[in-house]
>>> print(open('start27.csv').read())   # CSV, C-alpha atoms
chain,number,residue,atom,x,y,z
A,245,MET,CA,9.2,0.4,36.9
A,246,ALA,CA,8.2,0.5,33.2
A,247,THR,CA,5.4,-1.9,32.4
A,248,LYS,CA,5.3,-4.0,29.3
A,249,THR,CA,2.8,-1.6,27.9
A,250,ASP,CA,5.1,1.4,28.5
A,251,ILE,CA,7.9,-0.5,26.7
A,252,ALA,CA,5.6,-1.4,23.8
A,253,ARG,CA,4.5,2.2,23.5
A,254,GLN,CA,8.0,3.5,23.4
A,255,PHE,CA,8.9,0.8,20.9
A,256,ILE,CA,6.0,1.6,18.6
A,257,GLU,CA,6.6,5.4,18.8
A,258,ALA,CA,10.3,4.7,17.9
A,259,ILE,CA,9.5,3.0,14.6
A,260,PRO,CA,10.8,5.4,12.0
A,261,HIS,CA,7.9,4.9,9.5
A,262,SER,CA,5.2,5.1,12.2
A,263,LYS,CA,6.8,8.3,13.5
A,264,ALA,CA,7.0,9.7,10.0
A,265,LEU,CA,3.3,9.2,9.6
A,266,GLY,CA,2.6,10.8,13.0
A,267,MET,CA,1.1,7.7,14.6
A,268,ARG,CA,0.3,7.9,18.3
A,269,LEU,CA,-0.6,5.0,20.5
A,270,THR,CA,-3.6,6.2,22.4
A,271,ASP,CA,-4.6,2.9,24.2
A,272,MET,CA,-3.1,-0.5,24.8
A,273,GLY,CA,-3.4,-3.6,26.9
A,274,GLU,CA,-4.2,-7.3,27.1
A,275,GLY,CA,-4.2,-7.9,23.4
A,276,GLU,CA,-5.9,-4.6,22.4
A,277,ALA,CA,-4.4,-1.5,20.8
A,278,MET,CA,-5.6,1.8,19.5
A,279,ILE,CA,-3.5,4.1,17.3
A,280,GLU,CA,-4.3,7.4,15.8
A,281,MET,CA,-2.9,8.9,12.5
A,282,PRO,CA,-3.5,12.5,11.8
A,283,TYR,CA,-4.6,13.7,8.3
A,284,ASP,CA,-1.7,14.8,6.2
A,285,GLU,CA,-1.6,16.1,2.6
A,286,LYS,CA,1.5,14.0,1.8
A,287,LEU,CA,-0.6,10.8,2.4
A,288,VAL,CA,-3.2,11.7,-0.2
A,289,GLY,CA,-4.0,9.1,-2.9
A,290,ASP,CA,-6.5,11.0,-4.9
A,291,PRO,CA,-5.5,14.7,-5.4
A,292,GLU,CA,-8.9,15.5,-6.8
A,293,THR,CA,-10.7,14.6,-3.6
A,294,GLY,CA,-7.9,14.8,-1.0
A,295,VAL,CA,-8.7,11.2,0.2
A,296,ILE,CA,-5.9,9.4,2.0
A,297,HIS,CA,-4.2,6.6,0.0
A,298,GLY,CA,-5.1,3.0,1.0
A,299,GLY,CA,-1.4,2.3,1.5
A,300,ALA,CA,-1.2,4.7,4.4
A,301,VAL,CA,-4.2,3.0,6.0
A,302,SER,CA,-2.4,-0.3,5.5
A,303,ALA,CA,0.7,1.0,7.4
A,304,LEU,CA,-1.6,2.2,10.2
A,305,MET,CA,-3.4,-1.2,10.4
A,306,ASP,CA,-0.2,-3.2,10.3
A,307,THR,CA,1.3,-1.1,13.2
A,308,CYS,CA,-1.8,-1.3,15.2
A,309,CYS,CA,-2.2,-5.1,14.7
A,310,GLY,CA,1.5,-5.6,15.7
A,311,ALA,CA,0.9,-3.5,18.8
A,312,ALA,CA,-2.1,-5.6,19.8
A,313,VAL,CA,0.0,-8.8,19.4
A,314,MET,CA,2.8,-7.3,21.5
A,315,SER,CA,0.4,-6.3,24.3
A,316,HIS,CA,-1.0,-9.8,24.5
A,317,PRO,CA,0.1,-11.7,27.7
A,318,GLY,CA,0.6,-14.9,25.6
A,319,ASN,CA,3.3,-13.2,23.5
A,320,PRO,CA,6.6,-12.8,25.4
A,321,GLY,CA,8.6,-11.0,22.7
A,322,GLY,CA,8.4,-9.1,19.4
A,323,THR,CA,6.3,-10.0,16.4
A,324,ALA,CA,6.3,-9.9,12.6
A,325,THR,CA,3.4,-9.9,10.1
A,326,ILE,CA,2.8,-13.3,8.4
A,327,ASP,CA,-0.2,-12.0,6.4
A,328,LEU,CA,-2.6,-9.1,6.5
A,329,ARG,CA,-5.8,-8.6,4.5
A,330,ILE,CA,-7.5,-5.2,4.3
A,331,ASP,CA,-11.0,-4.5,3.1
A,332,TYR,CA,-11.6,-0.9,2.1
A,333,MET,CA,-15.3,-0.1,2.9
A,334,ARG,CA,-15.3,3.6,2.0
A,335,ALA,CA,-13.1,6.6,1.4
A,336,ALA,CA,-11.9,8.3,4.6
A,337,THR,CA,-13.2,11.9,4.9
A,338,PRO,CA,-10.4,14.3,3.9
A,339,GLY,CA,-9.1,16.4,6.8
A,340,GLN,CA,-10.0,13.9,9.5
A,341,ALA,CA,-7.6,11.7,11.6
A,342,ILE,CA,-7.9,7.9,11.2
A,343,THR,CA,-8.1,5.7,14.3
A,344,ALA,CA,-7.3,2.0,14.2
A,345,ARG,CA,-8.4,-0.4,16.9
A,346,ALA,CA,-7.0,-3.9,16.8
A,347,THR,CA,-7.7,-7.0,18.9
A,348,CYS,CA,-5.4,-10.0,19.2
A,349,TYR,CA,-8.2,-12.6,19.7
A,350,HIS,CA,-6.2,-15.8,19.8
A,351,VAL,CA,-2.6,-16.7,20.4
A,352,THR,CA,-0.9,-20.1,20.0
A,353,ARG,CA,2.7,-20.9,20.8
A,354,THR,CA,3.7,-19.7,17.4
A,355,VAL,CA,1.0,-17.6,15.8
A,356,ALA,CA,-1.2,-14.7,16.9
A,357,PHE,CA,-4.5,-13.9,15.1
A,358,VAL,CA,-5.7,-10.3,14.9
A,359,ARG,CA,-8.6,-8.3,13.6
A,360,ALA,CA,-8.8,-4.5,13.3
A,361,THR,CA,-11.0,-1.7,12.1
A,362,ALA,CA,-10.2,1.9,11.1
A,363,THR,CA,-12.5,4.8,11.5
A,364,ASP,CA,-12.5,8.5,10.9
A,365,GLU,CA,-14.7,10.9,13.0
A,366,ASP,CA,-17.8,8.9,12.0
A,367,ALA,CA,-16.9,6.0,14.3
A,368,GLU,CA,-20.1,4.2,13.3
A,369,ASN,CA,-19.1,3.6,9.7
A,370,PRO,CA,-15.6,2.0,9.5
A,371,VAL,CA,-13.3,3.1,6.7
A,372,ALA,CA,-11.5,-0.3,6.6
A,373,ALA,CA,-11.3,-3.6,8.3
A,374,ALA,CA,-8.3,-6.0,8.6
A,375,THR,CA,-7.5,-9.5,9.6
A,376,GLY,CA,-4.1,-10.9,9.9
A,377,ALA,CA,-1.7,-13.6,11.3
A,378,PHE,CA,1.5,-12.6,13.1
A,379,THR,CA,4.5,-14.5,14.5
A,380,VAL,CA,4.9,-15.1,18.2
A,381,GLU,CA,8.5,-14.7,19.1
A,382,GLY,CA,10.6,-14.9,22.2
A,383,THR,CA,11.8,-17.8,24.4
A,384,ARG,CA,9.7,-20.2,26.3
B,18,MET,CA,-8.2,-3.1,-53.2
B,19,LYS,CA,-6.5,-3.1,-49.8
B,20,ALA,CA,-6.4,0.1,-47.9
B,21,PRO,CA,-2.9,1.4,-47.5
B,22,ARG,CA,-1.4,0.5,-44.1
B,23,ARG,CA,-0.9,3.4,-41.7
B,24,LYS,CA,2.8,4.3,-41.5
B,25,PRO,CA,4.1,3.5,-38.0
B,26,GLU,CA,4.6,6.6,-35.9
B,27,PRO,CA,8.2,7.8,-35.2
B,28,VAL,CA,9.5,6.1,-32.1
B,29,GLN,CA,10.0,9.3,-30.1
B,30,VAL,CA,6.4,10.3,-30.7
B,31,ILE,CA,5.0,7.1,-29.2
B,32,LYS,CA,7.6,7.1,-26.4
B,33,GLN,CA,6.7,10.6,-25.5
B,34,ARG,CA,3.1,9.7,-25.2
B,35,ARG,CA,3.7,6.6,-23.2
B,36,ASP,CA,6.1,8.3,-20.8
B,37,ALA,CA,3.9,11.4,-20.3
B,38,THR,CA,1.0,9.1,-19.4
B,39,LEU,CA,3.1,7.1,-16.9
B,40,ARG,CA,4.6,10.3,-15.4
B,41,ALA,CA,1.1,11.7,-14.9
B,42,LEU,CA,-0.1,8.6,-13.1
B,43,VAL,CA,2.9,8.4,-10.8
B,44,GLU,CA,3.7,12.0,-10.1
B,45,GLY,CA,0.1,13.1,-9.7
B,46,VAL,CA,-0.3,11.1,-6.4
B,47,PRO,CA,1.3,12.7,-3.3
B,48,TYR,CA,1.5,9.4,-1.4
B,49,ILE,CA,3.5,7.7,-4.2
B,50,GLN,CA,5.9,10.7,-4.1
B,51,TYR,CA,6.1,10.6,-0.3
B,52,LEU,CA,7.2,6.9,-0.5
B,53,GLY,CA,9.7,7.8,-3.2
B,54,MET,CA,8.4,5.2,-5.6
B,55,GLN,CA,9.3,5.2,-9.3
B,56,PHE,CA,8.3,3.1,-12.3
B,57,GLU,CA,10.5,1.7,-15.0
B,58,ARG,CA,8.9,0.9,-18.4
B,59,LYS,CA,9.9,-1.5,-21.1
B,60,GLY,CA,7.3,-1.4,-23.8
B,61,ASP,CA,4.1,-2.0,-21.9
B,62,GLU,CA,5.8,-3.8,-19.0
B,63,LEU,CA,6.1,-1.8,-15.7
B,64,THR,CA,8.3,-2.4,-12.7
B,65,GLY,CA,7.7,-0.5,-9.5
B,66,VAL,CA,10.9,0.6,-7.7
B,67,LEU,CA,11.1,1.6,-4.1
B,68,PRO,CA,14.5,3.1,-3.3
B,69,PHE,CA,15.5,2.4,0.3
B,70,ASP,CA,15.1,5.3,2.7
B,71,GLN,CA,15.4,5.5,6.5
B,72,LYS,CA,11.8,6.6,6.9
B,73,LEU,CA,10.6,3.3,5.5
B,74,ILE,CA,12.0,1.3,8.4
B,75,GLY,CA,9.5,-0.6,10.6
B,76,ASN,CA,11.9,-2.5,12.8
B,77,PRO,CA,15.0,-0.5,13.7
B,78,MET,CA,16.7,-3.5,15.4
B,79,LEU,CA,16.9,-5.7,12.3
B,80,PRO,CA,16.5,-3.3,10.5
B,81,ALA,CA,13.6,-4.1,8.2
B,82,ILE,CA,11.1,-2.2,6.0
B,83,HIS,CA,7.8,-1.5,7.6
B,84,GLY,CA,5.1,-4.1,6.8
B,85,GLY,CA,2.8,-1.2,6.0
B,86,VAL,CA,5.3,0.2,3.5
B,87,THR,CA,5.5,-3.2,1.8
B,88,ALA,CA,1.7,-3.4,1.6
B,89,ALA,CA,1.5,0.1,0.2
B,90,PHE,CA,4.3,-0.6,-2.4
B,91,LEU,CA,2.4,-3.7,-3.6
B,92,GLU,CA,-0.9,-1.9,-3.7
B,93,VAL,CA,0.5,1.1,-5.6
B,94,THR,CA,2.2,-1.2,-8.1
B,95,ALA,CA,-1.1,-3.0,-8.7
B,96,ILE,CA,-3.1,0.3,-9.1
B,97,ILE,CA,-0.6,1.9,-11.5
B,98,THR,CA,-0.2,-1.3,-13.6
B,99,LEU,CA,-4.0,-1.6,-13.8
B,100,SER,CA,-4.5,2.0,-14.8
B,101,TRP,CA,-1.7,1.8,-17.3
B,102,THR,CA,-3.2,-1.3,-18.9
B,103,TYR,CA,-6.6,0.4,-18.9
B,104,LEU,CA,-5.2,3.5,-20.6
B,105,TRP,CA,-2.9,1.6,-23.0
B,106,GLU,CA,-5.2,1.5,-26.0
B,107,ASP,CA,-5.8,5.3,-25.8
B,108,VAL,CA,-2.1,5.9,-25.5
B,109,GLU,CA,-1.4,3.8,-28.5
B,110,SER,CA,-4.1,5.3,-30.7
B,111,GLY,CA,-3.3,8.8,-29.6
B,112,ALA,CA,-6.8,9.3,-28.2
B,113,ILE,CA,-5.3,10.3,-24.9
B,114,ASP,CA,-4.8,14.0,-24.3
B,115,THR,CA,-1.2,14.3,-23.1
B,116,ALA,CA,-1.5,18.1,-22.7
B,117,THR,CA,-4.2,17.7,-20.0
B,118,LEU,CA,-2.2,14.9,-18.3
B,119,GLU,CA,0.9,17.0,-18.1
B,120,ALA,CA,-1.1,19.9,-16.7
B,121,GLY,CA,-2.1,17.6,-13.8
B,122,GLY,CA,-5.4,16.3,-15.1
B,123,LEU,CA,-5.1,12.8,-13.7
B,124,PRO,CA,-7.2,10.1,-15.2
B,125,ARG,CA,-9.6,8.4,-12.8
B,126,LEU,CA,-7.9,5.5,-11.0
B,127,PRO,CA,-9.2,2.1,-9.9
B,128,LYS,CA,-10.2,1.8,-6.3
B,129,THR,CA,-9.0,-1.0,-4.0
B,130,ILE,CA,-11.8,-3.2,-2.7
B,131,ASP,CA,-9.5,-5.5,-0.8
B,132,ILE,CA,-5.9,-6.6,-0.7
B,133,SER,CA,-4.2,-9.5,1.0
B,134,THR,CA,-0.5,-9.3,1.6
B,135,ASP,CA,1.8,-12.2,2.2
B,136,TYR,CA,5.1,-11.5,4.1
B,137,LEU,CA,7.6,-14.1,2.9
B,138,ARG,CA,10.8,-12.6,4.3
B,139,SER,CA,11.7,-9.4,6.1
B,140,GLY,CA,12.3,-6.5,3.8
B,141,LEU,CA,16.0,-5.6,3.9
B,142,PRO,CA,17.4,-2.1,3.9
B,143,ARG,CA,17.8,-2.2,0.1
B,144,ASP,CA,15.9,-1.1,-2.9
B,145,ALA,CA,12.8,-3.1,-3.7
B,146,TYR,CA,11.1,-4.0,-7.0
B,147,ALA,CA,7.6,-5.2,-7.8
B,148,ARG,CA,5.6,-6.3,-10.8
B,149,ALA,CA,1.9,-6.9,-11.1
B,150,ARG,CA,0.0,-9.4,-13.2
B,151,ILE,CA,-3.6,-8.8,-14.0
B,152,ASN,CA,-5.4,-12.1,-13.7
B,153,ARG,CA,-8.8,-10.8,-14.7
B,154,SER,CA,-10.0,-7.4,-15.7
B,155,GLY,CA,-13.7,-6.9,-16.5
B,156,ARG,CA,-15.8,-3.8,-17.0
B,157,ARG,CA,-16.3,-3.4,-13.2
B,158,TYR,CA,-13.9,-5.6,-11.3
B,159,ALA,CA,-10.3,-6.6,-11.6
B,160,SER,CA,-8.1,-9.2,-9.8
B,161,VAL,CA,-4.4,-8.5,-9.6
B,162,HIS,CA,-1.4,-10.4,-8.2
B,163,VAL,CA,1.8,-8.6,-7.3
B,164,GLU,CA,5.2,-9.9,-6.5
B,165,ALA,CA,8.0,-8.0,-4.8
B,166,TRP,CA,11.7,-8.8,-4.5
B,167,GLN,CA,15.0,-7.2,-3.6
B,168,ASP,CA,18.3,-8.6,-4.6
B,169,ASN,CA,17.1,-11.8,-6.3
B,170,ARG,CA,14.2,-11.9,-8.6
B,171,THR,CA,13.4,-15.5,-7.5
B,172,ARG,CA,13.5,-14.8,-3.8
B,173,LEU,CA,10.3,-12.8,-3.2
B,174,PHE,CA,10.0,-10.9,0.0
B,175,ALA,CA,6.3,-10.3,-0.4
B,176,GLN,CA,3.3,-11.0,-2.6
B,177,ALA,CA,-0.2,-9.7,-2.7
B,178,THR,CA,-3.6,-10.4,-4.3
B,179,GLY,CA,-6.0,-7.5,-4.6
B,180,HIS,CA,-9.5,-6.8,-6.0
B,181,PHE,CA,-10.2,-3.4,-7.6
B,182,LEU,CA,-13.2,-1.5,-8.8
B,183,MET,CA,-12.5,-0.1,-12.3
B,184,PRO,CA,-13.3,3.5,-13.1
B,185,GLN,CA,-16.4,3.9,-15.3
B,186,ARG,CA,-15.7,5.3,-18.7
B,187,ARG,CA,-17.2,8.8,-19.2
B,188,ASP,CA,-19.0,8.6,-22.5
>>> encode(input="start27.csv", output="structure tokens")
Amino acid sequence: MATKTDIARQFIEAIPHSKALGMRLTDMGEGEAMIEMPYDEKLVGDPETGVIHGGAVSALMDTCCGAAVMSHPGNPGGTATIDLRIDYMRAATPGQAITARATCYHVTRTVAFVRATATDEDAENPVAAATGAFTVEGTR
Amino acid sequence: MKAPRRKPEPVQVIKQRRDATLRALVEGVPYIQYLGMQFERKGDELTGVLPFDQKLIGNPMLPAIHGGVTAAFLEVTAIITLSWTYLWEDVESGAIDTATLEAGGLPRLPKTIDISTDYLRSGLPRDAYARARINRSGRRYASVHVEAWQDNRTRLFAQATGHFLMPQRRD
């Protein structure tokens, strides 16, 4: 039988925009999610340096936070972003994949609270951090 | 005696310079091209346009535009508007070198420090529009508010506030 995590993985990998960006769910469970996005020249924001655009990092963060919410046992159904704040700490190193890790750290009947970080191969120095609120959907 | 006032430049000369600058800003960035974003200009006012495309979908069931795409759309509109405002004086005076711009010599762009996006409604499978308002722009930092809508200007589907680090003048 397909577990909730399997369903969520299929669901995320079926999102057209996430697929277009090559996102791969590498880990998930109990309010945690990890998604990897490979480096791609079409995502470059600064052609002089080859650094990925912040907007592509936003798309990765949003997907990963949503996945963390969906994997939380307190959320029976889907989710939508209410708000998401992203802090850009440094430029991602060109040529390296970006990995986002999100934690859904609190869920009420209606709202899920999430935080996330994004790193390149230098996992000690995050590229970006995010905090957001998401809807809790489904019947109860 | 009053110095003679400079004769206004022919409209096509100034338009050519404004459009070349805007084109360089927008077409020089691969990610803006990937999203398919365009900018419309009326005088100095810019409107970001995101024509709908299947690859922008985040929820295939609704369907709705991906929240990350919405965030990116708002961020790009903020950065382009900020760059445009920052370059405006040089465009008007003719100090800007349009030949270099057209050859792909992109001016340095502001860097995002942080951006907070508010999702007010789900983004429909329609074209989206956005306009940015610069609330404060100093020598180093800028604060920008952006609003995005689809069919109705007054029914925003998203808004964002971001802080940006301005490029330092090379002189």
>>> closest_residue(input="start27.csv", among="B:Ile82, B:Leu118, B:Met54, B:Ile130", to="chain A", atoms="all atoms listed in the file")
B:Ile130
>>> closest_residue(input="start27.csv", among="A:Arg353, A:Thr325, A:Ala336, A:Thr343", to="Phe378 of chain A", atoms="all atoms listed in the file")
A:Thr325
>>> residues_around(input="start27.csv", residues="segment 34-46 of chain B", least_positions_apart="6", cutoff="8 Å", atoms="all atoms listed in the file", output="list in words")
Val288, Gly289, Asp290 and Pro291 of chain A; Gln55, Phe56, Ile97, Trp101, Val108, Glu109, Gly111, Thr115, Leu118, Glu119, Gly121, Gly122, Leu123 and Pro124 of chain B
>>> residues_around(input="start27.csv", residues="Met314 of chain A", least_positions_apart="3", cutoff="12 Å", atoms="only C-alpha atoms", output="mmCIF file with C-alpha atoms, keeping the file's coordinate frame")
data_model
loop_
_atom_site.group_PDB
_atom_site.id
_atom_site.type_symbol
_atom_site.label_atom_id
_atom_site.label_comp_id
_atom_site.auth_asym_id
_atom_site.auth_seq_id
_atom_site.Cartn_x
_atom_site.Cartn_y
_atom_site.Cartn_z
ATOM 1 C CA LYS A 248 5.300 -4.000 29.300
ATOM 2 C CA THR A 249 2.800 -1.600 27.900
ATOM 3 C CA ASP A 250 5.100 1.400 28.500
ATOM 4 C CA ILE A 251 7.900 -0.500 26.700
ATOM 5 C CA ALA A 252 5.600 -1.400 23.800
ATOM 6 C CA ARG A 253 4.500 2.200 23.500
ATOM 7 C CA PHE A 255 8.900 0.800 20.900
ATOM 8 C CA ILE A 256 6.000 1.600 18.600
ATOM 9 C CA MET A 272 -3.100 -0.500 24.800
ATOM 10 C CA GLY A 273 -3.400 -3.600 26.900
ATOM 11 C CA GLU A 274 -4.200 -7.300 27.100
ATOM 12 C CA GLY A 275 -4.200 -7.900 23.400
ATOM 13 C CA GLU A 276 -5.900 -4.600 22.400
ATOM 14 C CA ALA A 277 -4.400 -1.500 20.800
ATOM 15 C CA THR A 307 1.300 -1.100 13.200
ATOM 16 C CA CYS A 308 -1.800 -1.300 15.200
ATOM 17 C CA CYS A 309 -2.200 -5.100 14.700
ATOM 18 C CA GLY A 310 1.500 -5.600 15.700
ATOM 19 C CA ALA A 311 0.900 -3.500 18.800
ATOM 20 C CA PRO A 317 0.100 -11.700 27.700
ATOM 21 C CA GLY A 318 0.600 -14.900 25.600
ATOM 22 C CA ASN A 319 3.300 -13.200 23.500
ATOM 23 C CA PRO A 320 6.600 -12.800 25.400
ATOM 24 C CA GLY A 321 8.600 -11.000 22.700
ATOM 25 C CA GLY A 322 8.400 -9.100 19.400
ATOM 26 C CA THR A 323 6.300 -10.000 16.400
ATOM 27 C CA ALA A 324 6.300 -9.900 12.600
ATOM 28 C CA THR A 325 3.400 -9.900 10.100
ATOM 29 C CA ALA A 346 -7.000 -3.900 16.800
ATOM 30 C CA THR A 347 -7.700 -7.000 18.900
ATOM 31 C CA CYS A 348 -5.400 -10.000 19.200
ATOM 32 C CA VAL A 351 -2.600 -16.700 20.400
ATOM 33 C CA VAL A 355 1.000 -17.600 15.800
ATOM 34 C CA ALA A 356 -1.200 -14.700 16.900
ATOM 35 C CA PHE A 357 -4.500 -13.900 15.100
ATOM 36 C CA VAL A 358 -5.700 -10.300 14.900
ATOM 37 C CA PHE A 378 1.500 -12.600 13.100
ATOM 38 C CA THR A 379 4.500 -14.500 14.500
ATOM 39 C CA VAL A 380 4.900 -15.100 18.200
ATOM 40 C CA GLU A 381 8.500 -14.700 19.100
ATOM 41 C CA GLY A 382 10.600 -14.900 22.200
#
>>> interface_residues(input="start27.csv", of="chain A", to="chain B", cutoff="6 Å", atoms="only C-alpha atoms", output="MDAnalysis selection string")
chainID A and resid 259:261 286:289 299 302:303 306 326:332
>>> atom_distance(input="start27.csv", atom1="atom CA of Ala372 of chain A", atom2="atom CA of His316 of chain A")
22.8 Å
>>> residues_around(input="start27.csv", residues="Met183 of chain B", least_positions_apart="4", cutoff="6 Å", atoms="all atoms listed in the file", output="PDB file with C-alpha atoms, in the coordinates of the input")
ATOM      1  CA  PRO B 127      -9.200   2.100  -9.900  1.00  0.00           C
ATOM      2  CA  ARG B 157     -16.300  -3.400 -13.200  1.00  0.00           C
ATOM      3  CA  TYR B 158     -13.900  -5.600 -11.300  1.00  0.00           C
TER       4      TYR B 158
END
>>> residues_around(input="start27.csv", residues="Arg268 of chain A", least_positions_apart="6", cutoff="9 Å", atoms="all atoms listed in the file", output="list in words")
Arg253, Ile256, Glu257, Ser262, Met278, Ile279, Glu280, Met281 and Pro282 of chain A
>>> atom_distance(input="start27.csv", atom1="atom CA of Gly155 of chain B", atom2="atom CA of Gly60 of chain B")
22.9 Å
>>> atom_distance(input="start27.csv", atom1="atom CA of Ala367 of chain A", atom2="atom CA of Ala344 of chain A")
10.4 Å
>>> residues_around(input="start27.csv", residues="Pro68 of chain B", least_positions_apart="3", cutoff="7 Å", atoms="all atoms listed in the file", output="PyMOL selection string")
chain B and resi 53-54+144-145
>>> write_last_selection(input="start27.csv", atoms="C-alpha atoms", output="mmCIF file, in the coordinates of the input")
data_model
loop_
_atom_site.group_PDB
_atom_site.id
_atom_site.type_symbol
_atom_site.label_atom_id
_atom_site.label_comp_id
_atom_site.auth_asym_id
_atom_site.auth_seq_id
_atom_site.Cartn_x
_atom_site.Cartn_y
_atom_site.Cartn_z
ATOM 1 C CA GLY B 53 9.700 7.800 -3.200
ATOM 2 C CA MET B 54 8.400 5.200 -5.600
ATOM 3 C CA ASP B 144 15.900 -1.100 -2.900
ATOM 4 C CA ALA B 145 12.800 -3.100 -3.700
#
>>> closest_residue(input="start27.csv", among="A:Ala373, A:Val295, A:Leu269, A:Ile342", to="Ala360 of chain A", atoms="all atoms listed in the file")
A:Ala373
